[in-house]
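Next comes coords-v8.txt, a file with compact mmCIF, C-alpha atoms.
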```txt
# COMPACT_ATOMS: atom_id res chain seq x y z
CA MET C 16 92.01 107.71 123.17
CA LYS C 17 94.02 104.70 122.09
CA LYS C 18 97.17 105.27 120.10
CA GLU C 19 97.04 104.77 116.35
CA SER C 20 98.61 101.73 114.82
CA TRP C 21 98.09 100.35 111.33
CA GLY C 22 94.29 100.42 111.50
CA GLN C 23 91.42 102.76 112.11
CA THR C 24 91.47 105.43 114.81
CA PRO C 25 88.48 106.13 117.03
CA ALA C 26 88.08 109.55 115.49
CA GLU C 27 88.11 108.11 112.00
CA SER C 28 85.05 106.08 112.84
CA MET C 29 83.15 109.36 113.15
CA SER C 30 84.21 110.56 109.68
CA PRO C 31 81.61 110.74 106.88
CA GLY C 32 80.86 107.36 105.41
CA PHE C 33 82.28 105.31 108.28
CA GLY C 34 80.16 106.02 111.35
CA ARG C 35 77.01 104.64 112.91
CA SER C 36 75.22 107.81 111.84
CA GLN C 37 74.98 106.40 108.32
CA ALA C 38 71.55 104.98 107.51
CA VAL C 39 71.89 101.40 106.43
CA SER C 40 69.67 98.65 105.05
CA THR C 41 70.09 94.96 105.47
CA LEU C 42 69.63 91.73 103.63
CA PRO C 43 66.63 89.53 104.37
CA GLY C 44 66.93 87.64 107.62
CA SER C 45 68.21 90.48 109.79
CA ASP C 46 66.46 91.86 112.82
CA PRO C 47 63.49 94.21 112.29
CA GLU C 48 65.31 97.26 113.66
CA SER C 49 68.18 96.86 111.19
CA ARG C 50 65.81 96.02 108.35
CA SER C 51 64.12 99.37 108.73
CA GLN C 52 67.38 101.20 108.04
CA ARG C 53 68.82 101.93 104.63
CA ALA C 54 72.34 101.74 103.19
CA PRO C 55 74.01 104.88 101.79
CA ALA C 56 73.59 105.45 98.09
CA GLY C 57 75.92 103.22 96.11
CA TYR C 58 76.43 100.65 98.88
CA TRP C 59 75.15 97.25 99.92
CA ARG C 60 75.00 96.30 103.56
CA LEU C 61 75.77 92.67 104.40
CA VAL C 62 74.70 91.49 107.84
CA HIS C 63 75.60 88.35 109.73
CA GLY C 64 74.44 88.26 113.33
CA GLU C 65 75.89 91.27 115.14
CA PHE C 66 78.35 92.05 112.36
CA SER C 67 77.66 94.13 109.27
CA LEU C 68 79.70 95.20 106.27
CA LEU C 69 79.17 98.00 103.78
CA VAL C 70 80.18 97.05 100.24
CA GLU C 71 80.60 99.78 97.64
CA ARG C 72 78.92 98.69 94.44
CA ARG C 73 81.18 100.50 91.97
CA ALA C 74 84.37 99.35 93.71
CA LEU C 75 83.14 95.75 93.69
CA ALA C 76 82.23 95.99 90.00
CA ALA C 77 85.64 97.47 89.18
CA ASN C 78 87.47 94.72 91.04
CA LEU C 79 85.43 91.98 89.37
CA LEU C 80 86.06 93.51 85.94
CA LEU C 81 89.81 93.69 86.58
CA VAL C 82 89.85 90.09 87.81
CA MET C 83 88.10 88.93 84.64
CA LEU C 84 90.48 90.90 82.40
CA LEU C 85 93.48 89.56 84.32
CA LEU C 86 92.29 85.97 83.90
CA VAL C 87 91.73 86.46 80.17
CA ALA C 88 95.17 88.05 79.77
CA SER C 89 96.74 85.23 81.78
CA VAL C 90 95.18 82.55 79.56
CA ALA C 91 96.46 84.39 76.48
CA TYR C 92 99.88 84.66 78.15
CA LEU C 93 100.03 80.89 78.62
CA MET C 94 98.78 80.06 75.13
CA LEU C 95 100.76 82.49 72.99
CA GLY C 96 104.47 82.44 72.27
CA SER C 97 107.12 80.85 70.07
CA ILE C 98 105.41 77.53 70.82
CA PRO C 99 101.62 78.09 70.57
CA VAL C 100 99.49 76.03 72.93
CA GLY C 101 95.86 75.21 72.14
CA ALA C 102 93.06 75.56 74.65
CA SER C 103 92.65 71.82 75.11
CA GLU C 104 96.39 71.31 75.49
CA LEU C 105 96.53 74.10 78.06
CA ALA C 106 93.68 72.55 80.04
CA ARG C 107 95.41 69.16 80.08
CA ALA C 108 98.72 70.73 81.12
CA LEU C 109 97.14 72.69 83.96
CA SER C 110 95.33 69.59 85.19
CA GLY C 111 98.59 67.65 85.29
CA ASN C 112 97.90 65.50 82.24
CA GLY C 113 100.08 67.39 79.79
CA GLU C 114 102.76 65.61 77.84
CA GLY C 115 106.18 66.36 76.41
CA VAL C 116 107.06 69.84 75.26
CA THR C 117 103.68 71.34 76.14
CA ALA C 118 103.93 70.38 79.80
CA PHE C 119 107.49 71.71 79.98
CA VAL C 120 106.58 75.03 78.34
CA ILE C 121 103.59 75.60 80.59
CA HIS C 122 104.89 74.40 83.95
CA ASP C 123 108.57 75.26 83.73
CA LEU C 124 108.61 78.37 81.55
CA ARG C 125 105.35 80.29 81.37
CA LEU C 126 103.59 79.66 84.68
CA PRO C 127 106.53 80.79 86.87
CA ARG C 128 107.00 83.85 84.68
CA LEU C 129 103.26 84.61 84.80
CA ALA C 130 103.32 84.40 88.60
CA ALA C 131 106.26 86.80 88.68
CA ALA C 132 104.37 89.20 86.38
CA TRP C 133 101.32 89.09 88.65
CA LEU C 134 103.32 89.73 91.81
CA THR C 135 105.63 92.44 90.51
CA GLY C 136 102.85 94.33 88.73
CA ALA C 137 100.63 94.27 91.81
CA ALA C 138 103.49 95.38 94.08
CA PHE C 139 104.58 98.25 91.82
CA ALA C 140 101.01 99.53 91.36
CA LEU C 141 100.08 99.22 95.03
CA ALA C 142 103.25 101.07 96.01
CA GLY C 143 102.39 103.74 93.43
CA CYS C 144 98.87 104.16 94.79
CA LEU C 145 100.20 104.51 98.34
CA MET C 146 102.82 107.05 97.29
CA GLN C 147 100.37 109.11 95.25
CA THR C 148 97.95 109.26 98.16
CA LEU C 149 100.74 110.11 100.58
CA ALA C 150 102.00 113.00 98.43
CA ARG C 151 98.50 113.90 97.18
CA ASN C 152 100.00 114.04 93.71
CA ARG C 153 99.34 111.62 90.84
CA LEU C 154 102.96 111.88 89.65
CA ALA C 155 104.48 110.73 92.94
CA THR C 156 105.28 107.13 92.09
CA PRO C 157 108.26 105.18 93.47
CA GLY C 158 109.88 105.18 90.03
CA ILE C 159 109.59 108.91 89.51
CA ILE C 160 110.81 109.94 92.97
CA GLY C 161 113.93 107.78 92.80
CA ILE C 162 113.14 104.72 94.91
CA ASP C 163 113.45 102.39 91.92
CA ASN C 164 116.83 103.86 90.96
CA GLY C 165 118.11 103.57 94.50
CA ALA C 166 117.16 99.90 94.65
CA THR C 167 118.73 99.30 91.22
CA ALA C 168 122.01 101.01 92.11
CA PHE C 169 122.49 98.92 95.24
CA ALA C 170 121.54 95.71 93.44
CA VAL C 171 123.98 96.42 90.61
CA ALA C 172 126.69 97.18 93.16
CA SER C 173 126.28 93.70 94.63
CA VAL C 174 126.30 92.07 91.17
CA VAL C 175 129.47 93.80 89.92
CA GLY C 176 131.28 92.84 93.11
CA LEU C 177 132.25 95.81 95.22
CA GLY C 178 133.11 93.76 98.24
CA VAL C 179 129.45 93.51 99.21
CA SER C 180 128.42 90.06 100.37
CA LEU C 181 124.65 90.62 100.42
CA ALA C 182 122.49 89.20 97.62
CA PRO C 183 120.89 91.60 95.11
CA PRO C 184 117.38 91.36 96.66
CA ALA C 185 118.68 92.42 100.08
CA MET C 186 120.74 95.18 98.51
CA ALA C 187 117.71 96.36 96.53
CA LEU C 188 115.79 96.77 99.78
CA ALA C 189 118.67 98.72 101.31
CA GLY C 190 118.92 100.96 98.25
CA ALA C 191 115.19 101.70 98.18
CA ALA C 192 115.21 102.56 101.87
CA THR C 193 118.22 104.83 101.41
CA ALA C 194 116.68 106.71 98.48
CA ALA C 195 113.37 107.13 100.31
CA ALA C 196 115.06 108.35 103.49
CA ILE C 197 117.10 110.96 101.60
CA THR C 198 114.09 112.16 99.61
CA PHE C 199 111.90 112.25 102.72
CA GLY C 200 114.55 114.24 104.57
CA LEU C 201 115.14 116.75 101.78
CA ALA C 202 111.44 117.41 101.30
CA ASN C 203 111.21 120.16 103.87
CA GLY C 204 111.96 118.02 106.89
CA GLY C 205 109.62 115.17 106.01
CA ASP C 206 106.87 117.02 104.14
CA THR C 207 105.44 114.75 101.45
CA ARG C 208 103.00 117.20 99.93
CA GLY C 209 103.52 119.38 96.87
CA TYR C 210 106.18 119.45 94.19
CA ARG C 211 109.16 119.83 96.52
CA PHE C 212 108.84 116.15 97.36
CA ILE C 213 108.64 115.28 93.64
CA VAL C 214 111.62 117.44 92.67
CA ALA C 215 113.74 116.07 95.51
CA GLY C 216 112.87 112.52 94.45
CA ILE C 217 113.70 113.22 90.80
CA GLY C 218 117.09 114.59 91.85
CA ILE C 219 117.86 111.60 94.05
CA GLY C 220 116.76 109.23 91.29
CA ALA C 221 119.09 110.98 88.83
CA VAL C 222 122.03 110.64 91.22
CA PHE C 223 121.43 106.93 91.77
CA GLY C 224 120.92 106.42 88.03
CA ALA C 225 124.29 108.03 87.35
CA ILE C 226 125.89 105.82 90.01
CA THR C 227 124.48 102.74 88.29
CA GLN C 228 125.91 103.78 84.93
CA LEU C 229 129.27 104.54 86.51
CA LEU C 230 129.41 101.11 88.10
CA LEU C 231 128.62 99.40 84.79
CA ALA C 232 131.20 101.47 82.92
CA ARG C 233 134.05 100.41 85.22
CA VAL C 234 133.63 96.62 85.04
CA ALA C 235 134.28 93.95 82.42
CA ILE C 236 131.68 93.40 79.71
CA ASP C 237 130.67 89.98 81.05
CA THR C 238 130.04 91.44 84.52
CA ALA C 239 128.08 94.33 83.02
CA ASN C 240 125.93 91.86 81.06
CA ALA C 241 125.16 89.98 84.29
CA ALA C 242 123.97 93.23 85.86
CA TYR C 243 122.04 94.39 82.77
CA PRO C 244 118.67 92.86 83.77
CA TRP C 245 118.72 94.98 86.92
CA THR C 246 118.90 98.18 84.87
CA VAL C 247 116.08 97.79 82.31
CA GLY C 248 113.48 95.60 84.02
CA THR C 249 112.88 92.08 82.80
CA LEU C 250 111.18 88.89 83.95
CA ASN C 251 113.84 86.66 82.41
CA ALA C 252 116.27 86.55 85.33
CA ARG C 253 114.02 85.82 88.28
CA PRO C 254 115.75 84.77 91.53
CA GLY C 255 113.55 82.03 93.00
CA GLY C 256 114.00 83.20 96.57
CA ALA C 257 113.14 86.78 95.60
CA VAL C 258 109.83 85.65 94.05
CA MET C 259 108.84 83.84 97.23
CA ALA C 260 109.85 86.85 99.33
CA LEU C 261 107.77 89.09 97.07
CA ALA C 262 104.73 86.81 97.42
CA ALA C 263 104.94 86.95 101.21
CA GLY C 264 105.67 90.67 101.24
CA LEU C 265 102.80 91.48 98.90
CA ALA C 266 100.32 89.50 101.01
CA LEU C 267 101.50 91.32 104.13
CA GLY C 268 101.67 94.68 102.40
CA LEU C 269 98.19 94.43 100.93
CA GLY C 270 96.77 93.53 104.33
CA LEU C 271 98.51 96.48 105.99
CA ALA C 272 97.44 98.82 103.20
CA LEU C 273 93.80 97.79 103.60
CA ALA C 274 94.14 98.35 107.35
CA LEU C 275 95.33 101.88 106.54
CA SER C 276 92.61 102.53 103.97
CA ARG C 277 90.46 104.78 106.14
CA SER C 278 93.43 106.87 107.20
CA LEU C 279 94.48 107.12 103.56
CA THR C 280 91.00 108.31 102.63
CA LEU C 281 91.23 111.12 105.17
CA MET C 282 94.81 111.99 104.23
CA ARG C 283 93.61 113.06 100.79
CA PHE C 284 92.12 116.13 102.45
CA SER C 285 94.03 118.99 104.04
CA ASP C 286 96.28 118.31 107.01
CA ALA C 287 93.98 120.31 109.28
CA VAL C 288 90.95 118.19 108.34
CA ALA C 289 92.83 114.91 108.69
CA ALA C 290 94.36 115.89 112.03
CA GLY C 291 91.00 117.13 113.27
CA LEU C 292 89.53 113.71 112.57
CA GLY C 293 92.21 112.05 114.66
CA VAL C 294 94.82 111.00 112.09
CA MET C 295 98.34 111.20 113.50
CA LEU C 296 99.80 112.47 110.25
CA HIS C 297 103.52 112.03 110.86
CA ARG C 298 103.13 108.44 112.04
CA ARG C 299 100.81 107.59 109.18
CA ARG C 300 103.15 109.12 106.61
CA VAL C 301 106.10 107.15 107.91
CA GLN C 302 104.06 103.94 107.86
CA VAL C 303 102.78 104.51 104.30
CA LEU C 304 106.24 105.46 103.04
CA ALA C 305 107.82 102.40 104.67
CA LEU C 306 105.19 100.14 103.13
CA SER C 307 105.68 101.66 99.68
CA VAL C 308 109.46 101.27 99.95
CA LEU C 309 109.14 97.63 101.00
CA LEU C 310 106.83 96.73 98.11
CA THR C 311 108.99 98.56 95.58
CA ALA C 312 112.22 96.97 96.79
CA LEU C 313 110.77 93.45 96.71
CA ALA C 314 109.44 94.00 93.18
CA VAL C 315 112.74 95.45 91.95
CA ALA C 316 114.54 92.45 93.44
CA VAL C 317 112.50 90.21 91.10
CA ALA C 318 112.10 92.21 87.88
CA GLY C 319 114.38 95.22 88.15
CA PRO C 320 113.12 98.80 87.78
CA VAL C 321 110.03 98.33 85.60
CA GLY C 322 108.93 101.90 85.10
CA MET C 323 105.45 103.36 84.75
CA VAL C 324 103.51 100.41 86.22
CA GLY C 325 103.17 102.37 89.46
CA LEU C 326 101.70 105.22 87.42
CA ILE C 327 99.44 103.38 84.98
CA GLY C 328 97.96 100.87 87.44
CA PRO C 329 96.53 103.39 89.93
CA GLU C 330 95.24 105.57 87.08
CA ILE C 331 93.28 102.65 85.64
CA ALA C 332 91.93 101.81 89.09
CA ARG C 333 90.81 105.39 89.72
CA SER C 334 89.10 105.64 86.36
CA LEU C 335 87.04 102.54 87.17
CA SER C 336 86.41 103.20 90.88
CA SER C 337 84.46 105.89 92.65
CA SER C 338 85.86 108.83 94.59
CA ARG C 339 84.77 107.54 98.01
CA GLY C 340 88.00 105.75 98.87
CA VAL C 341 91.51 104.88 97.77
CA PRO C 342 91.41 101.99 95.23
CA LEU C 343 94.14 99.85 96.80
CA PHE C 344 92.97 96.41 95.71
CA ALA C 345 91.94 97.66 92.28
CA SER C 346 95.38 99.23 91.83
CA ALA C 347 97.08 95.93 92.59
CA LEU C 348 94.86 94.11 90.08
CA ALA C 349 95.40 96.77 87.41
CA GLY C 350 99.16 96.68 87.95
CA ALA C 351 99.21 92.90 87.53
CA LEU C 352 97.15 93.25 84.34
CA VAL C 353 99.51 95.89 82.93
CA MET C 354 102.59 93.77 83.70
CA VAL C 355 101.12 90.61 82.14
CA LEU C 356 100.09 92.44 78.95
CA ALA C 357 103.41 94.31 78.70
CA ASP C 358 105.46 91.13 79.05
CA LEU C 359 103.23 89.35 76.55
CA VAL C 360 103.73 92.17 74.03
CA GLY C 361 107.48 92.07 74.66
CA ARG C 362 107.57 88.34 73.90
CA LEU C 363 105.45 88.55 70.74
CA LEU C 364 106.13 91.91 69.11
CA LEU C 365 109.59 91.17 67.65
CA ALA C 366 109.64 87.38 68.08
CA PRO C 367 111.96 85.53 68.26
CA ILE C 368 113.71 88.60 69.73
CA GLU C 369 112.31 89.38 73.16
CA LEU C 370 111.89 92.92 74.44
CA PRO C 371 112.41 93.45 78.20
CA VAL C 372 109.16 94.32 79.92
CA GLY C 373 110.68 97.55 81.25
CA ILE C 374 111.14 98.83 77.70
CA VAL C 375 107.53 98.05 76.79
CA THR C 376 106.12 99.82 79.86
CA ALA C 377 108.37 102.83 79.21
CA VAL C 378 107.15 103.10 75.61
CA VAL C 379 103.53 102.91 76.75
CA GLY C 380 103.97 104.90 79.94
CA GLY C 381 105.75 107.87 78.36
CA PRO C 382 102.73 109.04 76.35
CA TRP C 383 100.50 108.20 79.32
CA LEU C 384 102.58 110.51 81.51
CA LEU C 385 102.33 113.29 78.92
CA TRP C 386 98.57 112.77 78.76
CA ILE C 387 98.34 113.15 82.52
CA LEU C 388 100.37 116.35 82.44
CA LEU C 389 98.50 117.88 79.52
CA ARG C 390 95.02 116.82 80.61
CA PRO C 391 94.61 117.49 84.34
CA ASP C 392 91.77 115.57 85.92
CA SER C 393 90.01 116.52 89.11
CA ARG C 394 89.86 112.84 90.06
CA SER C 395 93.67 112.72 90.33
CA SER C 396 93.79 114.54 93.61
CA ARG C 397 91.49 112.14 95.37
```

Could you quickly redo this structure as structure tokens?
Amino acid sequence: MKKESWGQTPAESMSPGFGRSQAVSTLPGSDPESRSQRAPAGYWRLVHGEFSLLVERRALAANLLLVMLLLVASVAYLMLGSIPVGASELARALSGNGEGVTAFVIHDLRLPRLAAAWLTGAAFALAGCLMQTLARNRLATPGIIGIDNGATAFAVASVVGLGVSLAPPAMALAGAATAAAITFGLANGGDTRGYRFIVAGIGIGAVFGAITQLLLARVAIDTANAAYPWTVGTLNARPGGAVMALAAGLALGLGLALALSRSLTLMRFSDAVAAGLGVMLHRRRVQVLALSVLLTALAVAVAGPVGMVGLIGPEIARSLSSSRGVPLFASALAGALVMVLADLVGRLLLAPIELPVGIVTAVVGGPWLLWILLRPDSRSSR
């Protein structure tokens, strides 16, 4: 048997829902033998020559719905603000025919910030979905288990000037990796299942949070103000290089996550079942954890520790999707939607005073977290 990498294992191809034993149907134009077969319930089978693809109907509908909602929210994001922009003015500005203040507001202020909201929301939610599946616990998000705080502490250390020459984005990646490694090591020698992993992460997050506050308390007020955006989460101070790095990292991370999707589906079951179907659990866990850390660190490097997006995004995706697989793409779309709406609310709620997006998501995410705890759902363990 070939060694596992980022994709499907030979044994996984024999798991329910993925093998040749499934009866499938085809679209018109396929060969008679294939045409006589039927797709599993809830799927479409697309055939082109010798290649075929099963498409889950509910997952496709959920993704299309989230795309539509995200586009609507994005249009509202561009139109609303201290300087309202009409639909016709927005269309002219996007086509390159805008004039004066409108063109400046759209191209130089709102579009870059909207792109940052899309990217950071998708990265936080995708990392949350990966972490929840890895730990088989709906509370195991990067923010709750301390990865966000680790990235923030290292980024703040570079801003306040502790003799560290690396830029905040690079330090954020180092801090996230450090927090994840410590949590992973304390959780019973690398076990990511159960509440020991959660409790260890909460403890590590508290330590790094205290370190951040200590660093800010020992520097001048102007230096502390410069580091403030890294502590609450905001899209105001967006390093241009960090946004580009996040775009590249998210594209790579989403591709790798989709390559791992079948392993992630099997990892939701017991270790014995997953191992029996050929999943090399330790290797897969390390890969998923590394991917989640990378996405979180890149997002923190752009927006700071925006809490609860990694919790709310996957929950929305699961509520819309079916239980057959892990909703990776839907989680990314839902996270982007949550970030866009939260930043829009922060800009409009107390205008002209602007609330950081991290405060808005915390206000919304706190009751959401309580609802999850008080109303257990059987779908959460999928």

In terms of the shortest atom-to-atom distance over all atoms listed in the file, which of C:Leu304, C:Ala316, C:Leu80, C:Ala108 is closest to Leu126 in chain C?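 Ranked by minimum distance to Leu126 in chain C, first place goes to C:Ala108.
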
Rounded to one decimal in Å, what is the spacing between CA of Leu134 in chain C and CA of Asn78 in chain C?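 Those two atoms sit 16.6 Å apart.
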
Separation of CA of Ala192 in chain C and CA of Thr311 in chain C, in Å?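 So the answer is 9.7 Å.
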
For Ala347 in chain C, work out the shell of residues within 7 Å, counting all atoms listed in the file and skipping chain neighbours fewer than 5 positions away, then give it as a list in words. Ala137, Ala138, Ala140 and Leu141 of chain C

In Å to one decimal, how far is CA of Trp133 in chain C from CA of Ser89 in chain C?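 Taking CA of Ser89 in chain C as the start and CA of Trp133 in chain C as the end point, the length is 9.1 Å.
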
Pick from C:Thr117, C:Ser67, C:Ser276, C:Thr246 nearest to Val303 in chain C, counting all atoms listed in the file: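 Smallest distance to Val303 in chain C is found for C:Ser276.
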
Near range 218-233 of chain C, counting all atoms listed in the file, which residues have an atom at most 12 Å away, once you skip same-chain residues fewer than 5 positions from it, shown as number ranges by chain? C: 156-177, 190-191, 193-202, 211-213, 238-247, 320

Which residue is closest to Val341 in chain C? Choose from C:Ala272, C:Leu309, C:Val82, C:Ala318 and count only C-alpha atoms.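 The closest residue to Val341 in chain C is C:Ala272.
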
Within 6 Å of range 69-77 of chain C, counting all atoms listed in the file, which residues qualify if same-chain residues fewer than 5 places away don't, as number ranges by chain? C: 57-60, 335-336

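Counting all atoms listed in the file, Ser346 in chain C has the following residues at most 10 Å away, ignoring those fewer than 5 positions along the same chain: C:Asn78, C:Leu81, C:Gly136, C:Ala137, C:Ala138, C:Phe139, C:Ala140, C:Leu141, C:Ala142, C:Gly143, C:Cys144, C:Leu145, C:Val324, C:Gly325, C:Leu326, C:Ile327, C:Gly328, C:Pro329, C:Glu330, C:Ile331, C:Ala332, C:Arg333, C:Ser336, C:Val341, C:Ala351, C:Leu352.
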
Closest of C:Arg153, C:Val308, C:Ile368, C:Thr280 to Met323 in chain C, counting all atoms listed in the file, is C:Arg153

Please fill the gaps in range 123-149 of chain C so it has N, CA and C atoms, and write that as a PDB file, in the frame of the given file.
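Ended up saving to part_19.pdb:
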```
ATOM      1  N   ASP C 123     107.217  74.839  83.412  1.00  0.00           N
ATOM      2  CA  ASP C 123     108.570  75.260  83.730  1.00  0.00           C
ATOM      3  C   ASP C 123     108.937  76.636  83.195  1.00  0.00           C
ATOM      4  N   LEU C 124     108.250  77.085  82.161  1.00  0.00           N
ATOM      5  CA  LEU C 124     108.610  78.370  81.550  1.00  0.00           C
ATOM      6  C   LEU C 124     107.558  79.449  81.789  1.00  0.00           C
ATOM      7  N   ARG C 125     106.324  79.190  81.379  1.00  0.00           N
ATOM      8  CA  ARG C 125     105.350  80.290  81.370  1.00  0.00           C
ATOM      9  C   ARG C 125     104.644  80.500  82.699  1.00  0.00           C
ATOM     10  N   LEU C 126     104.287  79.455  83.402  1.00  0.00           N
ATOM     11  CA  LEU C 126     103.590  79.660  84.680  1.00  0.00           C
ATOM     12  C   LEU C 126     104.446  80.401  85.703  1.00  0.00           C
ATOM     13  N   PRO C 127     105.720  80.018  85.929  1.00  0.00           N
ATOM     14  CA  PRO C 127     106.530  80.790  86.870  1.00  0.00           C
ATOM     15  C   PRO C 127     106.695  82.251  86.456  1.00  0.00           C
ATOM     16  N   ARG C 128     106.851  82.461  85.159  1.00  0.00           N
ATOM     17  CA  ARG C 128     107.000  83.850  84.680  1.00  0.00           C
ATOM     18  C   ARG C 128     105.688  84.616  84.832  1.00  0.00           C
ATOM     19  N   LEU C 129     104.563  83.954  84.599  1.00  0.00           N
ATOM     20  CA  LEU C 129     103.260  84.610  84.800  1.00  0.00           C
ATOM     21  C   LEU C 129     103.071  84.987  86.264  1.00  0.00           C
ATOM     22  N   ALA C 130     103.437  84.084  87.169  1.00  0.00           N
ATOM     23  CA  ALA C 130     103.320  84.400  88.600  1.00  0.00           C
ATOM     24  C   ALA C 130     104.182  85.602  88.965  1.00  0.00           C
ATOM     25  N   ALA C 131     105.395  85.661  88.415  1.00  0.00           N
ATOM     26  CA  ALA C 131     106.260  86.800  88.680  1.00  0.00           C
ATOM     27  C   ALA C 131     105.660  88.088  88.133  1.00  0.00           C
ATOM     28  N   ALA C 132     105.020  88.020  86.961  1.00  0.00           N
ATOM     29  CA  ALA C 132     104.370  89.200  86.380  1.00  0.00           C
ATOM     30  C   ALA C 132     103.221  89.675  87.264  1.00  0.00           C
ATOM     31  N   TRP C 133     102.404  88.734  87.733  1.00  0.00           N
ATOM     32  CA  TRP C 133     101.320  89.090  88.650  1.00  0.00           C
ATOM     33  C   TRP C 133     101.850  89.818  89.878  1.00  0.00           C
ATOM     34  N   LEU C 134     102.831  89.212  90.529  1.00  0.00           N
ATOM     35  CA  LEU C 134     103.320  89.730  91.810  1.00  0.00           C
ATOM     36  C   LEU C 134     104.015  91.076  91.654  1.00  0.00           C
ATOM     37  N   THR C 135     104.900  91.183  90.664  1.00  0.00           N
ATOM     38  CA  THR C 135     105.630  92.440  90.510  1.00  0.00           C
ATOM     39  C   THR C 135     104.695  93.570  90.073  1.00  0.00           C
ATOM     40  N   GLY C 136     103.779  93.285  89.152  1.00  0.00           N
ATOM     41  CA  GLY C 136     102.850  94.330  88.730  1.00  0.00           C
ATOM     42  C   GLY C 136     101.976  94.812  89.872  1.00  0.00           C
ATOM     43  N   ALA C 137     101.465  93.877  90.675  1.00  0.00           N
ATOM     44  CA  ALA C 137     100.630  94.270  91.810  1.00  0.00           C
ATOM     45  C   ALA C 137     101.430  95.068  92.825  1.00  0.00           C
ATOM     46  N   ALA C 138     102.670  94.673  93.088  1.00  0.00           N
ATOM     47  CA  ALA C 138     103.490  95.380  94.080  1.00  0.00           C
ATOM     48  C   ALA C 138     103.833  96.786  93.604  1.00  0.00           C
ATOM     49  N   PHE C 139     104.243  96.927  92.348  1.00  0.00           N
ATOM     50  CA  PHE C 139     104.580  98.250  91.820  1.00  0.00           C
ATOM     51  C   PHE C 139     103.365  99.174  91.849  1.00  0.00           C
ATOM     52  N   ALA C 140     102.206  98.686  91.421  1.00  0.00           N
ATOM     53  CA  ALA C 140     101.010  99.530  91.360  1.00  0.00           C
ATOM     54  C   ALA C 140     100.504  99.882  92.752  1.00  0.00           C
ATOM     55  N   LEU C 141     100.525  98.928  93.677  1.00  0.00           N
ATOM     56  CA  LEU C 141     100.080  99.220  95.030  1.00  0.00           C
ATOM     57  C   LEU C 141     101.007 100.237  95.683  1.00  0.00           C
ATOM     58  N   ALA C 142     102.315 100.091  95.481  1.00  0.00           N
ATOM     59  CA  ALA C 142     103.250 101.070  96.010  1.00  0.00           C
ATOM     60  C   ALA C 142     103.007 102.444  95.387  1.00  0.00           C
ATOM     61  N   GLY C 143     102.697 102.473  94.082  1.00  0.00           N
ATOM     62  CA  GLY C 143     102.390 103.740  93.430  1.00  0.00           C
ATOM     63  C   GLY C 143     101.146 104.401  93.986  1.00  0.00           C
ATOM     64  N   CYS C 144     100.108 103.618  94.226  1.00  0.00           N
ATOM     65  CA  CYS C 144      98.870 104.160  94.790  1.00  0.00           C
ATOM     66  C   CYS C 144      99.122 104.741  96.180  1.00  0.00           C
ATOM     67  N   LEU C 145      99.883 104.021  96.993  1.00  0.00           N
ATOM     68  CA  LEU C 145     100.200 104.510  98.340  1.00  0.00           C
ATOM     69  C   LEU C 145     100.995 105.812  98.266  1.00  0.00           C
ATOM     70  N   MET C 146     101.989 105.859  97.382  1.00  0.00           N
ATOM     71  CA  MET C 146     102.820 107.050  97.290  1.00  0.00           C
ATOM     72  C   MET C 146     102.040 108.238  96.757  1.00  0.00           C
ATOM     73  N   GLN C 147     101.172 108.023  95.781  1.00  0.00           N
ATOM     74  CA  GLN C 147     100.370 109.110  95.250  1.00  0.00           C
ATOM     75  C   GLN C 147      99.423 109.672  96.305  1.00  0.00           C
ATOM     76  N   THR C 148      98.838 108.801  97.100  1.00  0.00           N
ATOM     77  CA  THR C 148      97.950 109.260  98.160  1.00  0.00           C
ATOM     78  C   THR C 148      98.732 109.985  99.249  1.00  0.00           C
ATOM     79  N   LEU C 149      99.906 109.477  99.565  1.00  0.00           N
ATOM     80  CA  LEU C 149     100.740 110.110 100.580  1.00  0.00           C
ATOM     81  C   LEU C 149     101.126 111.524 100.166  1.00  0.00           C
TER      82      LEU C 149
END
```
